[in-house]
Amino acid sequence: MINSRVLAMLALVVFSVFALVGCGSGQQNPPAAQQTQPIEINVSAAVSLKDALAEIQNNYQAKNPNIKLVYNLGASGSLQKQIEQGAPADIFISAAPKQMDELEAKNLMNKATRKNLVENKLVVVVPKETKLNITKLEDLVQGSVQKIALGETATVPAGQYAQQVLQKLGLWDKVKEKVVFAKDVRTVLAYTETGNVEAGIVYQTDATSSDKVKIAAVAPEGSHQPIVYPAAITTGTKQQKASEDFLAYLFSAESKAVFEKYGFVMGK
């Protein structure tokens with residue numbers, strides 16, 4: 001009889017201990033579950049900004065661990081179409097006003113937030129070890145220059161600027177049969193780096209990012225529209241405050257130093 005009581009009491013004690021352990025572990029779980037996910041800001045930006053934006057991303061997220069920057073980099077015209085088709089985007093940075101203007105006309109950009117971020121220059125690049133003598137754009141008509149890489153003029157601002165220059169200098173009709181079109185300005189750079197073309201026309205910032213090419217010529221002043229990169233918040237953003245904060249940071253002194261490091265000039 002005594003043994004039965006002892007066993008019953010032991011069973012009760014063991015049950016109570018497990019119950020307490022269970023309650024204790026239940027109390028420890030909620031804090032982990034309450035950890036908030038970082039706020040995602042989707043930034044669609046011209047691929048020529050790639051290197052500068054990567055460094056800015058590291059700087060910003062180190063100071064704002066609650067923010068996760070998600071970049072979608074590509075040709076400005078392609079990014080424009082993606083935004084028109086409903087792709088997630090909180091901020092758009094174009095390599096030309098044209099794409100931003102067209103999105104504004106469709107009420108897809110918040111015009112009040114728009115501001116020119118940086119400026120750039122257009123240059124002719126050639127492979128570092130080339131033996132061709134190219135010192136000005138007019139040299140592209142030489143018979144020894146068989147292929148010239150440009151960005152697609154329908155979607156790539158760098159290609160549009162390049163066509164403007166060649167037309168302004170009366171060279172377009174003489175070189176258009178040599179032109180190899182690329183999906184974006186970084187692809188133009190890659191074609192030139194690998195020697196698949198004798199020359200490419202890219203932004204100065206792209207040229208300085210590579211040790212496999214050299215700048216052969218710079219587009220003359222006034223031969224193309226000013227190369228400006230407007231930035232603005234989309235009207236479809238679900239992260240208005242976070243987007244405003246990051247956009248403001250892009251114009252800060254810290255970001256300015258990064259852009260200038262990669263060869264950009266801050267917008268006026």
# chains A, B, ... in the order shown; residues from 1 in each chain; ligands from 1
>>> residues_around(residues="Val218 (chain A)", least_positions_apart="3", cutoff="10 Å", atoms="only C-alpha atoms", output="PyMOL selection string")
chain A and resi 121-125+135-137+201-204+215+221
>>> select_by_dssp(residues="region 87-237 of chain A", states="strand (DSSP E)", output="PDB file with all heavy atoms, in the first residue's frame")
ATOM      1  N   ILE A  91      12.182  52.350 -56.112  1.00  0.00           N
ATOM      2  CA  ILE A  91      12.984  53.466 -56.622  1.00  0.00           C
ATOM      3  C   ILE A  91      13.486  53.100 -58.019  1.00  0.00           C
ATOM      4  O   ILE A  91      13.844  51.946 -58.269  1.00  0.00           O
ATOM      5  CB  ILE A  91      14.189  53.756 -55.692  1.00  0.00           C
ATOM      6  CG1 ILE A  91      13.699  54.266 -54.331  1.00  0.00           C
ATOM      7  CG2 ILE A  91      15.156  54.757 -56.322  1.00  0.00           C
ATOM      8  CD1 ILE A  91      14.802  54.393 -53.291  1.00  0.00           C
ATOM      9  N   PHE A  92      13.492  54.073 -58.914  1.00  0.00           N
ATOM     10  CA  PHE A  92      14.031  53.872 -60.261  1.00  0.00           C
ATOM     11  C   PHE A  92      15.122  54.899 -60.504  1.00  0.00           C
ATOM     12  O   PHE A  92      14.930  56.091 -60.252  1.00  0.00           O
ATOM     13  CB  PHE A  92      12.924  54.014 -61.312  1.00  0.00           C
ATOM     14  CG  PHE A  92      13.386  53.870 -62.737  1.00  0.00           C
ATOM     15  CD1 PHE A  92      14.262  52.865 -63.121  1.00  0.00           C
ATOM     16  CD2 PHE A  92      12.918  54.748 -63.719  1.00  0.00           C
ATOM     17  CE1 PHE A  92      14.680  52.729 -64.448  1.00  0.00           C
ATOM     18  CE2 PHE A  92      13.317  54.623 -65.052  1.00  0.00           C
ATOM     19  CZ  PHE A  92      14.192  53.607 -65.410  1.00  0.00           C
ATOM     20  N   ILE A  93      16.272  54.434 -60.986  1.00  0.00           N
ATOM     21  CA  ILE A  93      17.370  55.328 -61.372  1.00  0.00           C
ATOM     22  C   ILE A  93      17.699  55.019 -62.826  1.00  0.00           C
ATOM     23  O   ILE A  93      18.194  53.935 -63.142  1.00  0.00           O
ATOM     24  CB  ILE A  93      18.624  55.138 -60.497  1.00  0.00           C
ATOM     25  CG1 ILE A  93      18.268  55.156 -59.006  1.00  0.00           C
ATOM     26  CG2 ILE A  93      19.655  56.223 -60.813  1.00  0.00           C
ATOM     27  CD1 ILE A  93      19.429  54.799 -58.094  1.00  0.00           C
ATOM     28  N   LYS A 115      14.872  63.771 -58.925  1.00  0.00           N
ATOM     29  CA  LYS A 115      16.030  64.664 -58.873  1.00  0.00           C
ATOM     30  C   LYS A 115      17.173  64.011 -59.650  1.00  0.00           C
ATOM     31  O   LYS A 115      17.313  62.778 -59.645  1.00  0.00           O
ATOM     32  CB  LYS A 115      16.446  64.896 -57.406  1.00  0.00           C
ATOM     33  CG  LYS A 115      17.477  65.984 -57.207  1.00  0.00           C
ATOM     34  CD  LYS A 115      17.713  66.189 -55.706  1.00  0.00           C
ATOM     35  CE  LYS A 115      18.764  67.255 -55.453  1.00  0.00           C
ATOM     36  NZ  LYS A 115      19.043  67.415 -54.004  1.00  0.00           N
ATOM     37  N   ASN A 116      17.983  64.818 -60.331  1.00  0.00           N
ATOM     38  CA  ASN A 116      19.129  64.274 -61.057  1.00  0.00           C
ATOM     39  C   ASN A 116      20.213  63.863 -60.067  1.00  0.00           C
ATOM     40  O   ASN A 116      20.699  64.689 -59.282  1.00  0.00           O
ATOM     41  CB  ASN A 116      19.672  65.297 -62.053  1.00  0.00           C
ATOM     42  CG  ASN A 116      18.739  65.499 -63.229  1.00  0.00           C
ATOM     43  OD1 ASN A 116      17.908  64.637 -63.530  1.00  0.00           O
ATOM     44  ND2 ASN A 116      18.859  66.626 -63.902  1.00  0.00           N
ATOM     45  N   LEU A 117      20.590  62.582 -60.123  1.00  0.00           N
ATOM     46  CA  LEU A 117      21.535  62.039 -59.146  1.00  0.00           C
ATOM     47  C   LEU A 117      22.987  62.273 -59.548  1.00  0.00           C
ATOM     48  O   LEU A 117      23.760  62.883 -58.805  1.00  0.00           O
ATOM     49  CB  LEU A 117      21.266  60.536 -58.967  1.00  0.00           C
ATOM     50  CG  LEU A 117      22.161  59.780 -57.992  1.00  0.00           C
ATOM     51  CD1 LEU A 117      22.048  60.370 -56.586  1.00  0.00           C
ATOM     52  CD2 LEU A 117      21.788  58.294 -57.980  1.00  0.00           C
ATOM     53  N   VAL A 118      23.376  61.769 -60.720  1.00  0.00           N
ATOM     54  CA  VAL A 118      24.771  61.902 -61.173  1.00  0.00           C
ATOM     55  C   VAL A 118      24.812  62.194 -62.671  1.00  0.00           C
ATOM     56  O   VAL A 118      23.804  62.089 -63.368  1.00  0.00           O
ATOM     57  CB  VAL A 118      25.592  60.615 -60.881  1.00  0.00           C
ATOM     58  CG1 VAL A 118      25.792  60.424 -59.401  1.00  0.00           C
ATOM     59  CG2 VAL A 118      24.919  59.387 -61.501  1.00  0.00           C
ATOM     60  N   GLU A 119      26.002  62.533 -63.142  1.00  0.00           N
ATOM     61  CA  GLU A 119      26.230  62.765 -64.572  1.00  0.00           C
ATOM     62  C   GLU A 119      27.412  61.911 -65.022  1.00  0.00           C
ATOM     63  O   GLU A 119      28.197  61.427 -64.198  1.00  0.00           O
ATOM     64  CB  GLU A 119      26.509  64.250 -64.831  1.00  0.00           C
ATOM     65  CG  GLU A 119      25.339  65.145 -64.463  1.00  0.00           C
ATOM     66  CD  GLU A 119      25.632  66.629 -64.653  1.00  0.00           C
ATOM     67  OE1 GLU A 119      26.736  66.952 -65.160  1.00  0.00           O
ATOM     68  OE2 GLU A 119      24.777  67.451 -64.300  1.00  0.00           O
ATOM     69  N   LEU A 122      30.701  60.122 -72.253  1.00  0.00           N
ATOM     70  CA  LEU A 122      30.709  59.034 -73.225  1.00  0.00           C
ATOM     71  C   LEU A 122      32.099  58.935 -73.849  1.00  0.00           C
ATOM     72  O   LEU A 122      32.674  59.947 -74.259  1.00  0.00           O
ATOM     73  CB  LEU A 122      29.666  59.308 -74.314  1.00  0.00           C
ATOM     74  CG  LEU A 122      29.159  58.109 -75.108  1.00  0.00           C
ATOM     75  CD1 LEU A 122      28.341  57.180 -74.217  1.00  0.00           C
ATOM     76  CD2 LEU A 122      28.305  58.572 -76.281  1.00  0.00           C
ATOM     77  N   VAL A 123      32.625  57.705 -73.922  1.00  0.00           N
ATOM     78  CA  VAL A 123      33.983  57.512 -74.443  1.00  0.00           C
ATOM     79  C   VAL A 123      34.053  56.306 -75.379  1.00  0.00           C
ATOM     80  O   VAL A 123      33.202  55.412 -75.338  1.00  0.00           O
ATOM     81  CB  VAL A 123      35.007  57.300 -73.302  1.00  0.00           C
ATOM     82  CG1 VAL A 123      35.039  58.503 -72.373  1.00  0.00           C
ATOM     83  CG2 VAL A 123      34.695  56.027 -72.517  1.00  0.00           C
ATOM     84  N   VAL A 124      35.067  56.318 -76.206  1.00  0.00           N
ATOM     85  CA  VAL A 124      35.385  55.159 -77.048  1.00  0.00           C
ATOM     86  C   VAL A 124      36.459  54.367 -76.321  1.00  0.00           C
ATOM     87  O   VAL A 124      37.487  54.924 -75.911  1.00  0.00           O
ATOM     88  CB  VAL A 124      35.914  55.595 -78.433  1.00  0.00           C
ATOM     89  CG1 VAL A 124      36.321  54.371 -79.256  1.00  0.00           C
ATOM     90  CG2 VAL A 124      34.864  56.411 -79.177  1.00  0.00           C
ATOM     91  N   VAL A 125      36.222  53.061 -76.158  1.00  0.00           N
ATOM     92  CA  VAL A 125      37.227  52.200 -75.535  1.00  0.00           C
ATOM     93  C   VAL A 125      37.722  51.173 -76.547  1.00  0.00           C
ATOM     94  O   VAL A 125      36.990  50.774 -77.460  1.00  0.00           O
ATOM     95  CB  VAL A 125      36.684  51.475 -74.279  1.00  0.00           C
ATOM     96  CG1 VAL A 125      36.475  52.443 -73.134  1.00  0.00           C
ATOM     97  CG2 VAL A 125      35.400  50.711 -74.585  1.00  0.00           C
ATOM     98  N   VAL A 126      38.964  50.761 -76.365  1.00  0.00           N
ATOM     99  CA  VAL A 126      39.584  49.734 -77.213  1.00  0.00           C
ATOM    100  C   VAL A 126      40.300  48.755 -76.295  1.00  0.00           C
ATOM    101  O   VAL A 126      40.632  49.084 -75.149  1.00  0.00           O
ATOM    102  CB  VAL A 126      40.591  50.371 -78.204  1.00  0.00           C
ATOM    103  CG1 VAL A 126      39.868  51.270 -79.198  1.00  0.00           C
ATOM    104  CG2 VAL A 126      41.677  51.152 -77.465  1.00  0.00           C
ATOM    105  N   PRO A 127      40.541  47.527 -76.764  1.00  0.00           N
ATOM    106  CA  PRO A 127      41.301  46.582 -75.937  1.00  0.00           C
ATOM    107  C   PRO A 127      42.650  47.159 -75.548  1.00  0.00           C
ATOM    108  O   PRO A 127      43.288  47.870 -76.334  1.00  0.00           O
ATOM    109  CB  PRO A 127      41.455  45.359 -76.858  1.00  0.00           C
ATOM    110  CG  PRO A 127      40.305  45.461 -77.811  1.00  0.00           C
ATOM    111  CD  PRO A 127      40.119  46.935 -78.052  1.00  0.00           C
ATOM    112  N   ILE A 148      32.216  47.541 -84.153  1.00  0.00           N
ATOM    113  CA  ILE A 148      32.089  48.543 -83.078  1.00  0.00           C
ATOM    114  C   ILE A 148      30.869  48.168 -82.229  1.00  0.00           C
ATOM    115  O   ILE A 148      29.772  47.983 -82.768  1.00  0.00           O
ATOM    116  CB  ILE A 148      31.874  49.955 -83.661  1.00  0.00           C
ATOM    117  CG1 ILE A 148      32.978  50.304 -84.661  1.00  0.00           C
ATOM    118  CG2 ILE A 148      31.794  51.000 -82.555  1.00  0.00           C
ATOM    119  CD1 ILE A 148      32.644  51.498 -85.551  1.00  0.00           C
ATOM    120  N   ALA A 149      31.062  48.034 -80.941  1.00  0.00           N
ATOM    121  CA  ALA A 149      29.950  47.654 -80.061  1.00  0.00           C
ATOM    122  C   ALA A 149      29.241  48.880 -79.505  1.00  0.00           C
ATOM    123  O   ALA A 149      29.883  49.827 -79.033  1.00  0.00           O
ATOM    124  CB  ALA A 149      30.442  46.774 -78.906  1.00  0.00           C
ATOM    125  N   LEU A 150      27.904  48.851 -79.580  1.00  0.00           N
ATOM    126  CA  LEU A 150      27.057  49.903 -78.999  1.00  0.00           C
ATOM    127  C   LEU A 150      25.915  49.228 -78.243  1.00  0.00           C
ATOM    128  O   LEU A 150      25.515  48.115 -78.576  1.00  0.00           O
ATOM    129  CB  LEU A 150      26.423  50.793 -80.079  1.00  0.00           C
ATOM    130  CG  LEU A 150      27.253  51.537 -81.104  1.00  0.00           C
ATOM    131  CD1 LEU A 150      26.333  52.406 -81.954  1.00  0.00           C
ATOM    132  CD2 LEU A 150      28.296  52.384 -80.440  1.00  0.00           C
ATOM    133  N   GLY A 151      25.356  49.932 -77.292  1.00  0.00           N
ATOM    134  CA  GLY A 151      24.149  49.443 -76.641  1.00  0.00           C
ATOM    135  C   GLY A 151      22.976  49.543 -77.601  1.00  0.00           C
ATOM    136  O   GLY A 151      22.959  50.416 -78.486  1.00  0.00           O
ATOM    137  N   VAL A 179      28.387  48.053 -86.759  1.00  0.00           N
ATOM    138  CA  VAL A 179      27.880  48.083 -85.386  1.00  0.00           C
ATOM    139  C   VAL A 179      27.362  46.718 -84.927  1.00  0.00           C
ATOM    140  O   VAL A 179      26.599  46.051 -85.631  1.00  0.00           O
ATOM    141  CB  VAL A 179      26.774  49.146 -85.229  1.00  0.00           C
ATOM    142  CG1 VAL A 179      26.103  49.023 -83.868  1.00  0.00           C
ATOM    143  CG2 VAL A 179      27.362  50.535 -85.407  1.00  0.00           C
ATOM    144  N   VAL A 180      27.803  46.320 -83.730  1.00  0.00           N
ATOM    145  CA  VAL A 180      27.297  45.126 -83.041  1.00  0.00           C
ATOM    146  C   VAL A 180      26.528  45.641 -81.825  1.00  0.00           C
ATOM    147  O   VAL A 180      27.101  46.304 -80.952  1.00  0.00           O
ATOM    148  CB  VAL A 180      28.457  44.210 -82.585  1.00  0.00           C
ATOM    149  CG1 VAL A 180      27.919  43.033 -81.776  1.00  0.00           C
ATOM    150  CG2 VAL A 180      29.255  43.728 -83.784  1.00  0.00           C
ATOM    151  N   PHE A 181      25.242  45.373 -81.779  1.00  0.00           N
ATOM    152  CA  PHE A 181      24.423  45.890 -80.677  1.00  0.00           C
ATOM    153  C   PHE A 181      24.450  44.940 -79.472  1.00  0.00           C
ATOM    154  O   PHE A 181      24.442  43.712 -79.634  1.00  0.00           O
ATOM    155  CB  PHE A 181      22.980  46.098 -81.135  1.00  0.00           C
ATOM    156  CG  PHE A 181      22.813  47.238 -82.095  1.00  0.00           C
ATOM    157  CD1 PHE A 181      22.541  47.005 -83.443  1.00  0.00           C
ATOM    158  CD2 PHE A 181      22.963  48.547 -81.669  1.00  0.00           C
ATOM    159  CE1 PHE A 181      22.403  48.053 -84.335  1.00  0.00           C
ATOM    160  CE2 PHE A 181      22.829  49.614 -82.556  1.00  0.00           C
ATOM    161  CZ  PHE A 181      22.550  49.363 -83.886  1.00  0.00           C
ATOM    162  N   ALA A 182      24.471  45.518 -78.286  1.00  0.00           N
ATOM    163  CA  ALA A 182      24.515  44.737 -77.045  1.00  0.00           C
ATOM    164  C   ALA A 182      23.342  45.114 -76.149  1.00  0.00           C
ATOM    165  O   ALA A 182      22.797  46.211 -76.252  1.00  0.00           O
ATOM    166  CB  ALA A 182      25.837  45.002 -76.321  1.00  0.00           C
ATOM    167  N   ALA A 199      36.375  48.210 -81.078  1.00  0.00           N
ATOM    168  CA  ALA A 199      36.086  49.380 -80.241  1.00  0.00           C
ATOM    169  C   ALA A 199      34.655  49.301 -79.715  1.00  0.00           C
ATOM    170  O   ALA A 199      33.800  48.621 -80.295  1.00  0.00           O
ATOM    171  CB  ALA A 199      36.275  50.666 -81.043  1.00  0.00           C
ATOM    172  N   GLY A 200      34.427  49.978 -78.634  1.00  0.00           N
ATOM    173  CA  GLY A 200      33.086  50.062 -78.068  1.00  0.00           C
ATOM    174  C   GLY A 200      32.856  51.472 -77.550  1.00  0.00           C
ATOM    175  O   GLY A 200      33.823  52.182 -77.237  1.00  0.00           O
ATOM    176  N   ILE A 201      31.597  51.878 -77.488  1.00  0.00           N
ATOM    177  CA  ILE A 201      31.284  53.205 -76.937  1.00  0.00           C
ATOM    178  C   ILE A 201      30.508  52.995 -75.648  1.00  0.00           C
ATOM    179  O   ILE A 201      29.421  52.403 -75.639  1.00  0.00           O
ATOM    180  CB  ILE A 201      30.479  54.057 -77.945  1.00  0.00           C
ATOM    181  CG1 ILE A 201      31.293  54.247 -79.236  1.00  0.00           C
ATOM    182  CG2 ILE A 201      30.137  55.415 -77.331  1.00  0.00           C
ATOM    183  CD1 ILE A 201      30.617  55.105 -80.299  1.00  0.00           C
ATOM    184  N   VAL A 202      31.100  53.459 -74.549  1.00  0.00           N
ATOM    185  CA  VAL A 202      30.539  53.241 -73.211  1.00  0.00           C
ATOM    186  C   VAL A 202      30.638  54.526 -72.390  1.00  0.00           C
ATOM    187  O   VAL A 202      31.172  55.531 -72.861  1.00  0.00           O
ATOM    188  CB  VAL A 202      31.295  52.106 -72.471  1.00  0.00           C
ATOM    189  CG1 VAL A 202      31.182  50.787 -73.224  1.00  0.00           C
ATOM    190  CG2 VAL A 202      32.770  52.471 -72.271  1.00  0.00           C
ATOM    191  N   TYR A 203      30.155  54.451 -71.167  1.00  0.00           N
ATOM    192  CA  TYR A 203      30.325  55.580 -70.248  1.00  0.00           C
ATOM    193  C   TYR A 203      31.760  55.585 -69.715  1.00  0.00           C
ATOM    194  O   TYR A 203      32.401  54.532 -69.608  1.00  0.00           O
ATOM    195  CB  TYR A 203      29.348  55.483 -69.083  1.00  0.00           C
ATOM    196  CG  TYR A 203      27.906  55.571 -69.482  1.00  0.00           C
ATOM    197  CD1 TYR A 203      27.009  54.559 -69.133  1.00  0.00           C
ATOM    198  CD2 TYR A 203      27.417  56.658 -70.204  1.00  0.00           C
ATOM    199  CE1 TYR A 203      25.671  54.627 -69.491  1.00  0.00           C
ATOM    200  CE2 TYR A 203      26.090  56.739 -70.572  1.00  0.00           C
ATOM    201  CZ  TYR A 203      25.218  55.717 -70.208  1.00  0.00           C
ATOM    202  OH  TYR A 203      23.898  55.789 -70.582  1.00  0.00           O
ATOM    203  N   VAL A 213      40.689  47.443 -70.875  1.00  0.00           N
ATOM    204  CA  VAL A 213      40.471  48.380 -71.966  1.00  0.00           C
ATOM    205  C   VAL A 213      41.142  49.703 -71.635  1.00  0.00           C
ATOM    206  O   VAL A 213      41.533  49.950 -70.496  1.00  0.00           O
ATOM    207  CB  VAL A 213      38.958  48.630 -72.233  1.00  0.00           C
ATOM    208  CG1 VAL A 213      38.245  47.336 -72.584  1.00  0.00           C
ATOM    209  CG2 VAL A 213      38.301  49.319 -71.042  1.00  0.00           C
ATOM    210  N   LYS A 214      41.252  50.541 -72.657  1.00  0.00           N
ATOM    211  CA  LYS A 214      41.753  51.903 -72.432  1.00  0.00           C
ATOM    212  C   LYS A 214      40.874  52.864 -73.212  1.00  0.00           C
ATOM    213  O   LYS A 214      40.241  52.493 -74.208  1.00  0.00           O
ATOM    214  CB  LYS A 214      43.213  52.029 -72.863  1.00  0.00           C
ATOM    215  CG  LYS A 214      43.473  51.730 -74.328  1.00  0.00           C
ATOM    216  CD  LYS A 214      44.972  51.796 -74.636  1.00  0.00           C
ATOM    217  CE  LYS A 214      45.252  51.454 -76.106  1.00  0.00           C
ATOM    218  NZ  LYS A 214      46.708  51.479 -76.401  1.00  0.00           N
ATOM    219  N   ILE A 215      40.791  54.095 -72.719  1.00  0.00           N
ATOM    220  CA  ILE A 215      39.994  55.127 -73.382  1.00  0.00           C
ATOM    221  C   ILE A 215      40.783  55.683 -74.555  1.00  0.00           C
ATOM    222  O   ILE A 215      41.901  56.160 -74.389  1.00  0.00           O
ATOM    223  CB  ILE A 215      39.623  56.249 -72.397  1.00  0.00           C
ATOM    224  CG1 ILE A 215      38.711  55.697 -71.287  1.00  0.00           C
ATOM    225  CG2 ILE A 215      38.937  57.396 -73.124  1.00  0.00           C
ATOM    226  CD1 ILE A 215      38.392  56.701 -70.189  1.00  0.00           C
ATOM    227  N   ALA A 216      40.183  55.592 -75.753  1.00  0.00           N
ATOM    228  CA  ALA A 216      40.849  56.078 -76.961  1.00  0.00           C
ATOM    229  C   ALA A 216      40.392  57.481 -77.329  1.00  0.00           C
ATOM    230  O   ALA A 216      41.151  58.256 -77.910  1.00  0.00           O
ATOM    231  CB  ALA A 216      40.575  55.118 -78.123  1.00  0.00           C
ATOM    232  N   ALA A 217      39.128  57.803 -77.004  1.00  0.00           N
ATOM    233  CA  ALA A 217      38.587  59.120 -77.363  1.00  0.00           C
ATOM    234  C   ALA A 217      37.397  59.444 -76.476  1.00  0.00           C
ATOM    235  O   ALA A 217      36.740  58.544 -75.935  1.00  0.00           O
ATOM    236  CB  ALA A 217      38.168  59.131 -78.831  1.00  0.00           C
ATOM    237  N   VAL A 218      37.142  60.724 -76.323  1.00  0.00           N
ATOM    238  CA  VAL A 218      36.000  61.201 -75.542  1.00  0.00           C
ATOM    239  C   VAL A 218      35.061  61.942 -76.490  1.00  0.00           C
ATOM    240  O   VAL A 218      35.507  62.725 -77.335  1.00  0.00           O
ATOM    241  CB  VAL A 218      36.458  62.147 -74.406  1.00  0.00           C
ATOM    242  CG1 VAL A 218      35.258  62.648 -73.611  1.00  0.00           C
ATOM    243  CG2 VAL A 218      37.454  61.446 -73.484  1.00  0.00           C
ATOM    244  N   VAL A 228      22.588  62.459 -67.865  1.00  0.00           N
ATOM    245  CA  VAL A 228      22.170  62.620 -66.470  1.00  0.00           C
ATOM    246  C   VAL A 228      21.353  61.402 -66.047  1.00  0.00           C
ATOM    247  O   VAL A 228      20.675  60.779 -66.866  1.00  0.00           O
ATOM    248  CB  VAL A 228      21.354  63.910 -66.256  1.00  0.00           C
ATOM    249  CG1 VAL A 228      22.210  65.131 -66.508  1.00  0.00           C
ATOM    250  CG2 VAL A 228      20.110  63.917 -67.140  1.00  0.00           C
ATOM    251  N   TYR A 229      21.441  61.079 -64.769  1.00  0.00           N
ATOM    252  CA  TYR A 229      20.749  59.924 -64.199  1.00  0.00           C
ATOM    253  C   TYR A 229      19.680  60.414 -63.211  1.00  0.00           C
ATOM    254  O   TYR A 229      19.984  60.687 -62.049  1.00  0.00           O
ATOM    255  CB  TYR A 229      21.724  59.034 -63.438  1.00  0.00           C
ATOM    256  CG  TYR A 229      22.733  58.289 -64.270  1.00  0.00           C
ATOM    257  CD1 TYR A 229      23.699  58.956 -65.029  1.00  0.00           C
ATOM    258  CD2 TYR A 229      22.752  56.889 -64.274  1.00  0.00           C
ATOM    259  CE1 TYR A 229      24.639  58.265 -65.773  1.00  0.00           C
ATOM    260  CE2 TYR A 229      23.693  56.185 -65.014  1.00  0.00           C
ATOM    261  CZ  TYR A 229      24.636  56.877 -65.763  1.00  0.00           C
ATOM    262  OH  TYR A 229      25.571  56.188 -66.492  1.00  0.00           O
ATOM    263  N   PRO A 230      18.438  60.538 -63.646  1.00  0.00           N
ATOM    264  CA  PRO A 230      17.396  60.943 -62.699  1.00  0.00           C
ATOM    265  C   PRO A 230      16.993  59.779 -61.801  1.00  0.00           C
ATOM    266  O   PRO A 230      16.986  58.614 -62.227  1.00  0.00           O
ATOM    267  CB  PRO A 230      16.239  61.361 -63.616  1.00  0.00           C
ATOM    268  CG  PRO A 230      16.451  60.584 -64.868  1.00  0.00           C
ATOM    269  CD  PRO A 230      17.933  60.411 -65.017  1.00  0.00           C
ATOM    270  N   ALA A 231      16.663  60.094 -60.559  1.00  0.00           N
ATOM    271  CA  ALA A 231      16.200  59.092 -59.591  1.00  0.00           C
ATOM    272  C   ALA A 231      14.883  59.566 -59.000  1.00  0.00           C
ATOM    273  O   ALA A 231      14.678  60.762 -58.776  1.00  0.00           O
ATOM    274  CB  ALA A 231      17.239  58.898 -58.492  1.00  0.00           C
ATOM    275  N   ALA A 232      13.985  58.627 -58.753  1.00  0.00           N
ATOM    276  CA  ALA A 232      12.684  58.979 -58.168  1.00  0.00           C
ATOM    277  C   ALA A 232      12.046  57.740 -57.548  1.00  0.00           C
ATOM    278  O   ALA A 232      12.436  56.603 -57.833  1.00  0.00           O
ATOM    279  CB  ALA A 232      11.756  59.586 -59.224  1.00  0.00           C
ATOM    280  N   ILE A 233      11.040  57.989 -56.716  1.00  0.00           N
ATOM    281  CA  ILE A 233      10.282  56.905 -56.078  1.00  0.00           C
ATOM    282  C   ILE A 233       9.065  56.592 -56.944  1.00  0.00           C
ATOM    283  O   ILE A 233       8.430  57.500 -57.489  1.00  0.00           O
ATOM    284  CB  ILE A 233       9.849  57.309 -54.658  1.00  0.00           C
ATOM    285  CG1 ILE A 233      11.092  57.535 -53.779  1.00  0.00           C
ATOM    286  CG2 ILE A 233       8.936  56.263 -54.028  1.00  0.00           C
ATOM    287  CD1 ILE A 233      10.789  58.123 -52.416  1.00  0.00           C
TER     288      ILE A 233
END
>>> residues_around(residues="region 99-111 of chain A", least_positions_apart="6", cutoff="12 Å", atoms="only C-alpha atoms", output="number ranges by chain")
A: 44-46, 75-93, 154-157, 160, 228-237, 240, 243-244
>>> residues_around(residues="Ser252 (chain A)", least_positions_apart="4", cutoff="12 Å", atoms="only C-alpha atoms", output="mmCIF file with N, CA and C atoms, in the first residue's frame")
data_model
loop_
_atom_site.group_PDB
_atom_site.id
_atom_site.type_symbol
_atom_site.label_atom_id
_atom_site.label_comp_id
_atom_site.auth_asym_id
_atom_site.auth_seq_id
_atom_site.Cartn_x
_atom_site.Cartn_y
_atom_site.Cartn_z
ATOM 1 N N ILE A 56 27.609 51.469 -51.947
ATOM 2 C CA ILE A 56 26.602 52.228 -51.194
ATOM 3 C C ILE A 56 25.681 51.281 -50.436
ATOM 4 N N ASN A 59 27.447 50.171 -47.260
ATOM 5 C CA ASN A 59 27.499 51.271 -46.298
ATOM 6 C C ASN A 59 26.142 51.492 -45.629
ATOM 7 N N TYR A 60 25.091 51.482 -46.426
ATOM 8 C CA TYR A 60 23.750 51.798 -45.909
ATOM 9 C C TYR A 60 23.222 50.689 -45.011
ATOM 10 N N LEU A 117 20.590 62.582 -60.123
ATOM 11 C CA LEU A 117 21.535 62.039 -59.146
ATOM 12 C C LEU A 117 22.987 62.273 -59.548
ATOM 13 N N ASP A 245 13.986 57.683 -47.284
ATOM 14 C CA ASP A 245 15.228 57.730 -46.495
ATOM 15 C C ASP A 245 16.424 57.287 -47.341
ATOM 16 N N PHE A 246 16.243 56.208 -48.102
ATOM 17 C CA PHE A 246 17.369 55.729 -48.911
ATOM 18 C C PHE A 246 17.666 56.690 -50.058
ATOM 19 N N LEU A 247 16.631 57.242 -50.663
ATOM 20 C CA LEU A 247 16.842 58.206 -51.742
ATOM 21 C C LEU A 247 17.620 59.414 -51.221
ATOM 22 N N ALA A 248 17.273 59.872 -50.030
ATOM 23 C CA ALA A 248 17.995 60.993 -49.420
ATOM 24 C C ALA A 248 19.462 60.622 -49.187
ATOM 25 N N LYS A 256 28.030 60.686 -52.236
ATOM 26 C CA LYS A 256 28.712 61.515 -53.236
ATOM 27 C C LYS A 256 30.162 61.076 -53.396
ATOM 28 N N ALA A 257 30.829 60.806 -52.277
ATOM 29 C CA ALA A 257 32.228 60.373 -52.319
ATOM 30 C C ALA A 257 32.371 59.044 -53.059
ATOM 31 N N VAL A 258 31.393 58.156 -52.881
ATOM 32 C CA VAL A 258 31.433 56.854 -53.565
ATOM 33 C C VAL A 258 31.229 57.044 -55.064
ATOM 34 N N PHE A 259 30.216 57.816 -55.442
ATOM 35 C CA PHE A 259 29.963 58.051 -56.869
ATOM 36 C C PHE A 259 31.179 58.677 -57.548
ATOM 37 N N MET A 266 28.308 64.433 -59.460
ATOM 38 C CA MET A 266 26.980 64.588 -58.844
ATOM 39 C C MET A 266 26.140 65.549 -59.664
#
>>> select_by_dssp(residues="region 54-264 of chain A", states="helix (DSSP H, G or I)", output="VMD selection string")
chain A and resid 54 to 63 76 to 84 97 to 105 111 to 113 137 to 141 157 to 168 172 to 178 185 to 193 204 to 208 240 to 250 253 to 261
>>> residues_around(residues="Glu138 (chain A)", least_positions_apart="4", cutoff="10 Å", atoms="only C-alpha atoms", output="list in words")
Ile134, Gln142, Leu166, Leu169, Gly170, Leu171, Lys174, Val175 and Ala217 of chain A
